[in-house]
Structures are given as structure tokens and as C-alpha cells.
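Visitor: Here it is, the structure, as C-alpha cells.
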Amino acid sequence: MSNEIKLGFCNPPEPVYLYVKNGELSGESYLWYHFNIEEDKTIPVQHRGLTGYLSELRVTAKEFKKKENIKLDIVVTSDEVYVIRTGIETNFAKTFLLSASLVQDFSKPLIIAVTSGEENTVFCRLYDATTKVRIRKEWNANADWGAIITEIQSRLGTSASLPLTSEQPPHPQDLRVKQIRTLLNYPLDLVKEYLQFQDVDRPSLLPVNKIDSLVKAMCLAWAVDKFENPNDAESSYQKQVLDAIASGADEVAAIRSWMQQLTTVKAGVA
């Protein structure tokens, strides 16, 4: 890369923010776009890939419609500095993280590409820009996303960098337990009791299998009055929730669907 500085008029060296969405504008489909704030205008990006150097990975909290949303910022140095901003729980973020976890040397350029999936979902494909070989890791819905982010940040040399917000955003595993506990209306005191028994004060300090056990315990506690035999509840949870997650379903969505199904069945019996 040339270090020569071109003198004269130029645009301010502000990053270009890219957002991921399976959308359509004026009859043209797109998978990512950038946004002109001054003109309140969505500008689709027709190219499916961006070549550059991954320079930073940030987790930040942004407020949207009075709710806090956790975002993953993928910072890419290219002809411009691009920041790909996406929800931490999106398929794009997760497929990017799985692939990027295999990269050992971030001094080499990568191609970050968008590809469409079913029901308006967007996935990430990562390539070695030199060899054009795809970097691919098997899908794992229960991966420890927080640990993967920390490991990538460590390889980038940015593990000590501060997030964009003044407060440290919640760890994805802490957020996971909070969302499911709220959905199930499970007592917070029982979660705290479980954590104390494990000698920790938050779920993210537990191994993933322990968090999975906590989630399962909360779900089965909710379902306890839906079955005469506890084994039937566990079998239902395995088939309707765990098997759905293994097939790529979102965990919270799978649990919500399971709850609705059992509630409907019980209402019919009554």
C-alpha cells in the first residue's frame, strides 16, 4: 500500500458504515447498504463482496426504538475504512465469527461476502483474498460467541480496546440467559442461586454446557405442569427445541414456538 499523501481537496476520512439486510429498493434487491443521514436515504450496494484487511472487531450497544440492541462492528481497512454493523444475534454475525475464528493471520487480506438465505436471512461467506479459497467452519448454533469474539480481538491485538459506548455491553451468554428467563418468567432469585452454587456471579463465567443446563432447567420448570410424566417434558424439549436449534433455528424463537404449542395443546385438553 502506498504511503503517499495526495494534497488538495478531499472528503473527510470518516468510516463508511455498511448495514446488512435482505431488501429491495426500486425493484432492485440488495443484501447490504449504506445510509446517507443528511438525505435520509438508503443506498444499496450491488457488489456482494468487500476486499480488505480486518482491523478491528467491536461489540457495542445502540438504542433503537427505546430498546438496547447489541451490535457487532466489523472494521475493514480497504480503499476506505468500512464498518460493517450488524446485530450480534444475526445469522450474518454468527457465520462471520465462525469463519473468522479459523483465521490465524489477519495481516493478509480477506473477502467478506454476503449471500442470501431463506426467509430474508443473510449469511456471511469469508474468503482468502489471495487464493480465493473460502474459509468455512461447520455451523454451531451453541458456539460460545463471546469467547470467539475475544479470541479474534486478541489475534487482532485489540482485546484491550474499549467499546464505542461508555459502558461495557452485556456478554452474549448473559444476554441469552436474560432473554430466555424473561420469556419463561422464571424467578431471577433461582438463577442467582444456581450461579452462587457454581461460584460465579454471571452466566458468562460458566462453561457453555453449564449455561445449556441452566436454560434446560428453566424450560423444564416452565413445562412441569404441562405433562403428567417429567420424561415426556424432557422428550418434548429435545424434539421441539434442541433439534430445531441443531437445524439452524434461533434458540429464543424455538423456545417461544414450543411454549405456544404446549399452551395450545393444554388449552385444548382443558
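Each chain in the C-alpha cells gets a letter, A, B and so on, in the order shown; residues start at 1 in every chain, and ligands are counted from 1 in the order they appear.
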Would you mind listing what lies within 12 Å of Ala217 in chain A as number ranges by chain, with only C-alpha atoms counted and same-chain residues fewer than 6 positions away left out?

Guide: A: 177, 180-181, 184, 186-187, 190-191, 194, 210-211, 223-224, 230, 233-234, 237

Visitor: I'd like to know which residues of range 37-264 of chain A are alpha helix (DSSP H) (by DSSP, run on the backbone); could you write them as a PyMOL selection string?

Guide: chain A and resi 91-100+145-156+172-184+188-197+208-222+230-237+243-246+251-264

Visitor: Just want the 6 Å neighbourhood of Ile70 in chain A, counted on only C-alpha atoms, with same-chain residues fewer than 3 positions away dropped. Output as a ChimeraX atom specification.

Guide: /A:60-61,88

Visitor: Please save N, CA, C and O atoms of the selected residues as a PDB file, in the first residue's frame.

Guide:
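So the final result, stored in selection.pdb, reads:
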```pdb
ATOM      1  N   THR A  60     -20.872  -3.298  20.588  1.00  0.00           N
ATOM      2  CA  THR A  60     -21.369  -2.048  21.140  1.00  0.00           C
ATOM      3  C   THR A  60     -22.873  -2.118  21.311  1.00  0.00           C
ATOM      4  O   THR A  60     -23.547  -2.945  20.694  1.00  0.00           O
ATOM      5  N   ALA A  61     -23.397  -1.268  22.173  1.00  0.00           N
ATOM      6  CA  ALA A  61     -24.836  -1.209  22.409  1.00  0.00           C
ATOM      7  C   ALA A  61     -25.389   0.059  21.776  1.00  0.00           C
ATOM      8  O   ALA A  61     -24.894   1.155  22.017  1.00  0.00           O
ATOM      9  N   ILE A  88     -25.746  -8.637  16.851  1.00  0.00           N
ATOM     10  CA  ILE A  88     -24.874  -9.687  17.387  1.00  0.00           C
ATOM     11  C   ILE A  88     -25.511 -11.063  17.265  1.00  0.00           C
ATOM     12  O   ILE A  88     -24.818 -12.081  17.199  1.00  0.00           O
TER      13      ILE A  88
END
```

Visitor: May I have a table of the residues of range 129-215 of chain A lying at most 9 Å from range 104-110 of chain A, giving each one's closest pair of atoms and their distance in Å to one decimal, counting only C-alpha atoms, ordered by chain and ascending residue number, as a tab-separated table?

Guide:
```
residue	atom	partner	partner_atom	distance
A:Ala129	CA	A:Leu110	CA	4.7
A:Thr130	CA	A:Pro109	CA	7.2
A:Lys132	CA	A:Leu110	CA	8.9
A:Ile152	CA	A:Gln104	CA	8.8
A:Arg155	CA	A:Gln104	CA	7.2
A:Leu156	CA	A:Phe106	CA	6.7
```

Visitor: With N, CA, C and O atoms kept, could you save the residues just selected as a PDB file, in the first residue's frame?

Guide:
```pdb
ATOM      1  N   ALA A 129      -8.370 -13.607   0.257  1.00  0.00           N
ATOM      2  CA  ALA A 129      -8.374 -12.756  -0.932  1.00  0.00           C
ATOM      3  C   ALA A 129      -7.279 -13.132  -1.920  1.00  0.00           C
ATOM      4  O   ALA A 129      -7.409 -12.884  -3.124  1.00  0.00           O
ATOM      5  N   THR A 130      -6.206 -13.739  -1.457  1.00  0.00           N
ATOM      6  CA  THR A 130      -5.089 -14.098  -2.335  1.00  0.00           C
ATOM      7  C   THR A 130      -5.377 -15.373  -3.114  1.00  0.00           C
ATOM      8  O   THR A 130      -5.206 -15.428  -4.332  1.00  0.00           O
ATOM      9  N   LYS A 132      -8.437 -16.974  -3.107  1.00  0.00           N
ATOM     10  CA  LYS A 132      -9.875 -17.054  -3.424  1.00  0.00           C
ATOM     11  C   LYS A 132     -10.527 -18.306  -2.840  1.00  0.00           C
ATOM     12  O   LYS A 132     -11.607 -18.707  -3.260  1.00  0.00           O
ATOM     13  N   ILE A 152     -10.691 -13.529  18.547  1.00  0.00           N
ATOM     14  CA  ILE A 152     -10.382 -12.777  17.320  1.00  0.00           C
ATOM     15  C   ILE A 152      -9.776 -11.427  17.671  1.00  0.00           C
ATOM     16  O   ILE A 152      -8.795 -10.991  17.053  1.00  0.00           O
ATOM     17  N   ARG A 155      -6.162 -11.854  18.507  1.00  0.00           N
ATOM     18  CA  ARG A 155      -5.305 -12.020  17.329  1.00  0.00           C
ATOM     19  C   ARG A 155      -5.104 -10.706  16.582  1.00  0.00           C
ATOM     20  O   ARG A 155      -4.072 -10.482  15.956  1.00  0.00           O
ATOM     21  N   LEU A 156      -6.119  -9.855  16.653  1.00  0.00           N
ATOM     22  CA  LEU A 156      -6.015  -8.545  16.008  1.00  0.00           C
ATOM     23  C   LEU A 156      -5.215  -7.564  16.860  1.00  0.00           C
ATOM     24  O   LEU A 156      -4.856  -6.480  16.394  1.00  0.00           O
TER      25      LEU A 156
END
```

Visitor: Please report, as a ChimeraX atom specification, each residue of range 117-256 of chain A to which DSSP assigns strand (DSSP E or B) when run on this structure's backbone.

Guide: /A:122-128,134-135

Visitor: Taking 3 positions as the minimum chain separation for residues in the same chain, which residues sit within 10 Å of Pro170 in chain A when counting only C-alpha atoms? Answer as a list in words.

Guide: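 Answer for this query is Val59, Thr60, Ala61, Ile70, Gly146, Glu167, Gln173, Asp174, Leu175, Arg176 and Ser204 of chain A.
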
Visitor: With only C-alpha atoms as the atoms that count, which of A:Asn120, A:Thr131, A:Pro207, A:Ile111 lies nearest to Asp144 in chain A?

Guide: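 Closest to Asp144 in chain A, using only C-alpha atoms: A:Pro207.
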
Visitor: Mind checking which residues fall within 6 Å of range 74-87 of chain A, counting only C-alpha atoms, ignoring those fewer than 3 positions away in the same chain, and posting them as a list of chain:residue names?

Guide: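 Those residues are A:Pro15, A:Val16, A:Tyr17, A:Leu18, A:Tyr19, A:Gly52, A:Tyr53, A:Leu54, A:Ser55, A:Glu56, A:Leu57, A:Lys71, A:Thr90.
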
Visitor: Need the shell around range 114-119 of chain A: protein/DNA/RNA residues with any atom at most 12 Å away, counting only C-alpha atoms. Skip same-chain ones fewer than 4 positions apart. Format as a CSV table (one decimal) with N, CA, C and O atoms, in the first residue's frame?

Guide:
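Okay, out-v3.csv is ready:
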```
chain,number,residue,atom,x,y,z
A,18,LEU,N,-21.6,0.1,6.7
A,18,LEU,CA,-22.4,-0.8,5.9
A,18,LEU,C,-23.4,-1.6,6.8
A,18,LEU,O,-23.0,-2.0,7.9
A,19,TYR,N,-24.6,-1.7,6.4
A,19,TYR,CA,-25.6,-2.4,7.1
A,19,TYR,C,-26.1,-3.6,6.3
A,19,TYR,O,-26.2,-3.6,5.1
A,20,VAL,N,-26.4,-4.7,7.0
A,20,VAL,CA,-26.8,-6.0,6.3
A,20,VAL,C,-28.3,-6.1,6.4
A,20,VAL,O,-28.9,-6.0,7.4
A,21,LYS,N,-28.9,-6.3,5.2
A,21,LYS,CA,-30.4,-6.5,5.1
A,21,LYS,C,-30.7,-7.2,3.8
A,21,LYS,O,-30.1,-6.8,2.7
A,22,ASN,N,-31.6,-8.1,3.8
A,22,ASN,CA,-32.1,-8.7,2.5
A,22,ASN,C,-33.3,-7.8,2.1
A,22,ASN,O,-34.4,-8.1,2.6
A,23,GLY,N,-33.1,-6.8,1.3
A,23,GLY,CA,-34.1,-5.9,1.0
A,23,GLY,C,-34.3,-5.6,-0.5
A,23,GLY,O,-33.6,-6.2,-1.3
A,29,SER,N,-33.0,-5.8,-5.8
A,29,SER,CA,-32.7,-6.5,-4.5
A,29,SER,C,-31.3,-6.1,-4.1
A,29,SER,O,-30.4,-5.9,-4.9
A,30,TYR,N,-31.1,-6.2,-2.8
A,30,TYR,CA,-29.7,-5.9,-2.2
A,30,TYR,C,-29.6,-6.7,-0.9
A,30,TYR,O,-30.6,-7.0,-0.3
A,31,LEU,N,-28.3,-6.9,-0.5
A,31,LEU,CA,-28.1,-7.6,0.8
A,31,LEU,C,-27.3,-6.8,1.8
A,31,LEU,O,-27.3,-7.1,2.9
A,32,TRP,N,-26.7,-5.7,1.3
A,32,TRP,CA,-26.2,-4.7,2.3
A,32,TRP,C,-26.3,-3.3,1.6
A,32,TRP,O,-26.5,-3.2,0.4
A,33,TYR,N,-26.1,-2.3,2.5
A,33,TYR,CA,-26.3,-0.9,2.0
A,33,TYR,C,-25.6,0.0,3.0
A,33,TYR,O,-25.2,-0.3,4.1
A,45,VAL,N,-25.8,-1.5,-2.0
A,45,VAL,CA,-24.5,-1.8,-2.5
A,45,VAL,C,-24.8,-3.1,-3.3
A,45,VAL,O,-25.2,-4.1,-2.8
A,46,GLN,N,-24.5,-3.0,-4.6
A,46,GLN,CA,-24.8,-4.2,-5.5
A,46,GLN,C,-23.7,-5.2,-5.5
A,46,GLN,O,-23.9,-6.4,-5.7
A,47,HIS,N,-22.4,-4.8,-5.2
A,47,HIS,CA,-21.4,-5.8,-5.1
A,47,HIS,C,-21.6,-6.7,-3.9
A,47,HIS,O,-22.0,-6.2,-2.8
A,48,ARG,N,-21.4,-7.9,-4.0
A,48,ARG,CA,-21.6,-8.9,-2.9
A,48,ARG,C,-20.4,-9.1,-2.0
A,48,ARG,O,-20.5,-9.7,-0.9
A,49,GLY,N,-19.2,-8.7,-2.4
A,49,GLY,CA,-18.0,-8.9,-1.6
A,49,GLY,C,-17.3,-7.6,-1.4
A,49,GLY,O,-17.3,-6.7,-2.2
A,50,LEU,N,-16.6,-7.6,-0.2
A,50,LEU,CA,-15.7,-6.4,0.1
A,50,LEU,C,-14.3,-7.0,0.5
A,50,LEU,O,-14.2,-7.8,1.4
A,84,ILE,N,-18.8,-2.7,9.0
A,84,ILE,CA,-20.0,-3.5,8.8
A,84,ILE,C,-20.7,-3.7,10.1
A,84,ILE,O,-20.2,-4.3,11.0
A,91,ASN,N,-27.7,-14.1,11.7
A,91,ASN,CA,-27.0,-15.2,11.1
A,91,ASN,C,-25.7,-14.7,10.4
A,91,ASN,O,-24.7,-15.4,10.3
A,92,PHE,N,-25.8,-13.4,9.9
A,92,PHE,CA,-24.6,-12.9,9.3
A,92,PHE,C,-23.4,-12.8,10.3
A,92,PHE,O,-22.3,-13.2,10.0
A,93,ALA,N,-23.7,-12.3,11.5
A,93,ALA,CA,-22.7,-12.1,12.5
A,93,ALA,C,-22.1,-13.5,12.9
A,93,ALA,O,-20.9,-13.7,13.0
A,95,THR,N,-22.2,-16.4,11.3
A,95,THR,CA,-21.4,-17.1,10.2
A,95,THR,C,-20.1,-16.4,10.0
A,95,THR,O,-19.1,-17.1,9.7
A,96,PHE,N,-20.1,-15.1,10.2
A,96,PHE,CA,-18.8,-14.4,10.1
A,96,PHE,C,-17.8,-14.8,11.2
A,96,PHE,O,-16.7,-15.1,10.9
A,123,PHE,N,-26.4,-14.4,5.2
A,123,PHE,CA,-25.3,-15.1,5.7
A,123,PHE,C,-24.0,-14.5,5.2
A,123,PHE,O,-24.0,-13.8,4.2
A,124,CYS,N,-22.9,-14.7,6.0
A,124,CYS,CA,-21.6,-14.2,5.6
A,124,CYS,C,-20.8,-15.4,5.0
A,124,CYS,O,-20.8,-16.5,5.5
A,125,ARG,N,-20.0,-15.1,3.9
A,125,ARG,CA,-19.0,-16.0,3.4
A,125,ARG,C,-17.7,-15.3,3.5
A,125,ARG,O,-17.6,-14.1,3.0
A,126,LEU,N,-16.7,-16.0,3.9
A,126,LEU,CA,-15.3,-15.4,4.1
A,126,LEU,C,-14.4,-16.1,3.2
A,126,LEU,O,-14.4,-17.4,3.1
A,127,TYR,N,-13.5,-15.4,2.5
A,127,TYR,CA,-12.6,-15.9,1.6
A,127,TYR,C,-11.2,-15.4,1.8
A,127,TYR,O,-11.0,-14.2,2.3
A,248,GLY,N,-30.6,-25.2,12.8
A,248,GLY,CA,-30.3,-23.8,12.5
A,248,GLY,C,-31.3,-22.8,13.0
A,248,GLY,O,-31.2,-21.6,12.7
A,249,ALA,N,-32.3,-23.2,13.7
A,249,ALA,CA,-33.3,-22.2,14.3
A,249,ALA,C,-32.7,-21.4,15.4
A,249,ALA,O,-31.8,-21.8,16.1
```

Visitor: Between A:Ile245, A:Leu25, A:Ala100, A:Val215, which one has atoms that come closest to Thr150 in chain A, using only C-alpha atoms?

Guide: A:Ala100

Visitor: What's the 10 Å shell around Trp139 in chain A, counting only C-alpha atoms, without same-chain residues fewer than 3 positions away, as a PDB file with N, CA and C atoms, in the first residue's frame?

Guide:
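And here is the file that came out, out.pdb:
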```pdb
ATOM      1  N   LYS A  94     -23.017 -14.447  13.119  1.00  0.00           N
ATOM      2  CA  LYS A  94     -22.574 -15.752  13.600  1.00  0.00           C
ATOM      3  C   LYS A  94     -21.761 -16.508  12.550  1.00  0.00           C
ATOM      4  N   THR A  95     -22.186 -16.441  11.273  1.00  0.00           N
ATOM      5  CA  THR A  95     -21.419 -17.136  10.234  1.00  0.00           C
ATOM      6  C   THR A  95     -20.085 -16.436   9.989  1.00  0.00           C
ATOM      7  N   LEU A  98     -17.789 -17.561  13.033  1.00  0.00           N
ATOM      8  CA  LEU A  98     -17.320 -18.945  12.902  1.00  0.00           C
ATOM      9  C   LEU A  98     -16.179 -19.039  11.900  1.00  0.00           C
ATOM     10  N   SER A  99     -16.338 -18.376  10.746  1.00  0.00           N
ATOM     11  CA  SER A  99     -15.294 -18.425   9.721  1.00  0.00           C
ATOM     12  C   SER A  99     -14.041 -17.679  10.163  1.00  0.00           C
ATOM     13  N   ARG A 136     -14.255 -21.748   5.770  1.00  0.00           N
ATOM     14  CA  ARG A 136     -15.568 -22.228   6.210  1.00  0.00           C
ATOM     15  C   ARG A 136     -15.459 -23.122   7.430  1.00  0.00           C
ATOM     16  N   ASN A 142     -24.713 -23.378  19.103  1.00  0.00           N
ATOM     17  CA  ASN A 142     -24.423 -23.208  20.529  1.00  0.00           C
ATOM     18  C   ASN A 142     -22.979 -22.784  20.799  1.00  0.00           C
ATOM     19  N   ALA A 143     -22.329 -22.239  19.794  1.00  0.00           N
ATOM     20  CA  ALA A 143     -20.947 -21.786  19.982  1.00  0.00           C
ATOM     21  C   ALA A 143     -20.884 -20.681  21.027  1.00  0.00           C
ATOM     22  N   ALA A 246     -30.454 -27.333  16.434  1.00  0.00           N
ATOM     23  CA  ALA A 246     -29.439 -28.073  15.680  1.00  0.00           C
ATOM     24  C   ALA A 246     -29.648 -27.918  14.178  1.00  0.00           C
ATOM     25  N   SER A 247     -30.880 -27.648  13.774  1.00  0.00           N
ATOM     26  CA  SER A 247     -31.197 -27.468  12.352  1.00  0.00           C
ATOM     27  C   SER A 247     -31.024 -26.019  11.901  1.00  0.00           C
ATOM     28  N   GLY A 248     -30.592 -25.159  12.828  1.00  0.00           N
ATOM     29  CA  GLY A 248     -30.302 -23.774  12.460  1.00  0.00           C
ATOM     30  C   GLY A 248     -31.294 -22.754  12.968  1.00  0.00           C
TER      31      GLY A 248
END
```

Visitor: Looking at only C-alpha atoms, which of A:Phe9, A:Ser236, A:Asp201, A:Leu195 is the one that sits closest to Ser213 in chain A?

Guide: A:Leu195

Visitor: Grab the CA of Asn140 in chain A to CA of Phe197 in chain A distance for me, in Å with one decimal place.

Guide: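 Going from CA of Asn140 in chain A over to CA of Phe197 in chain A, I get 28.2 Å.
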
Visitor: Go ahead and compute the interatomic distance for CA of Arg58 in chain A and CA of Glu14 in chain A, in Å to one decimal.

Guide: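 Computing the Euclidean distance for CA of Arg58 in chain A and CA of Glu14 in chain A yields 16.9 Å.
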
Visitor: Which residue, A:Val252, A:Val103, A:Ile149, A:Ile135, has the smallest gap to Thr182 in chain A when you use only C-alpha atoms?

Guide: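 Going through A:Val252, A:Val103, A:Ile149, A:Ile135 one by one, the smallest distance to Thr182 in chain A is for A:Val252.
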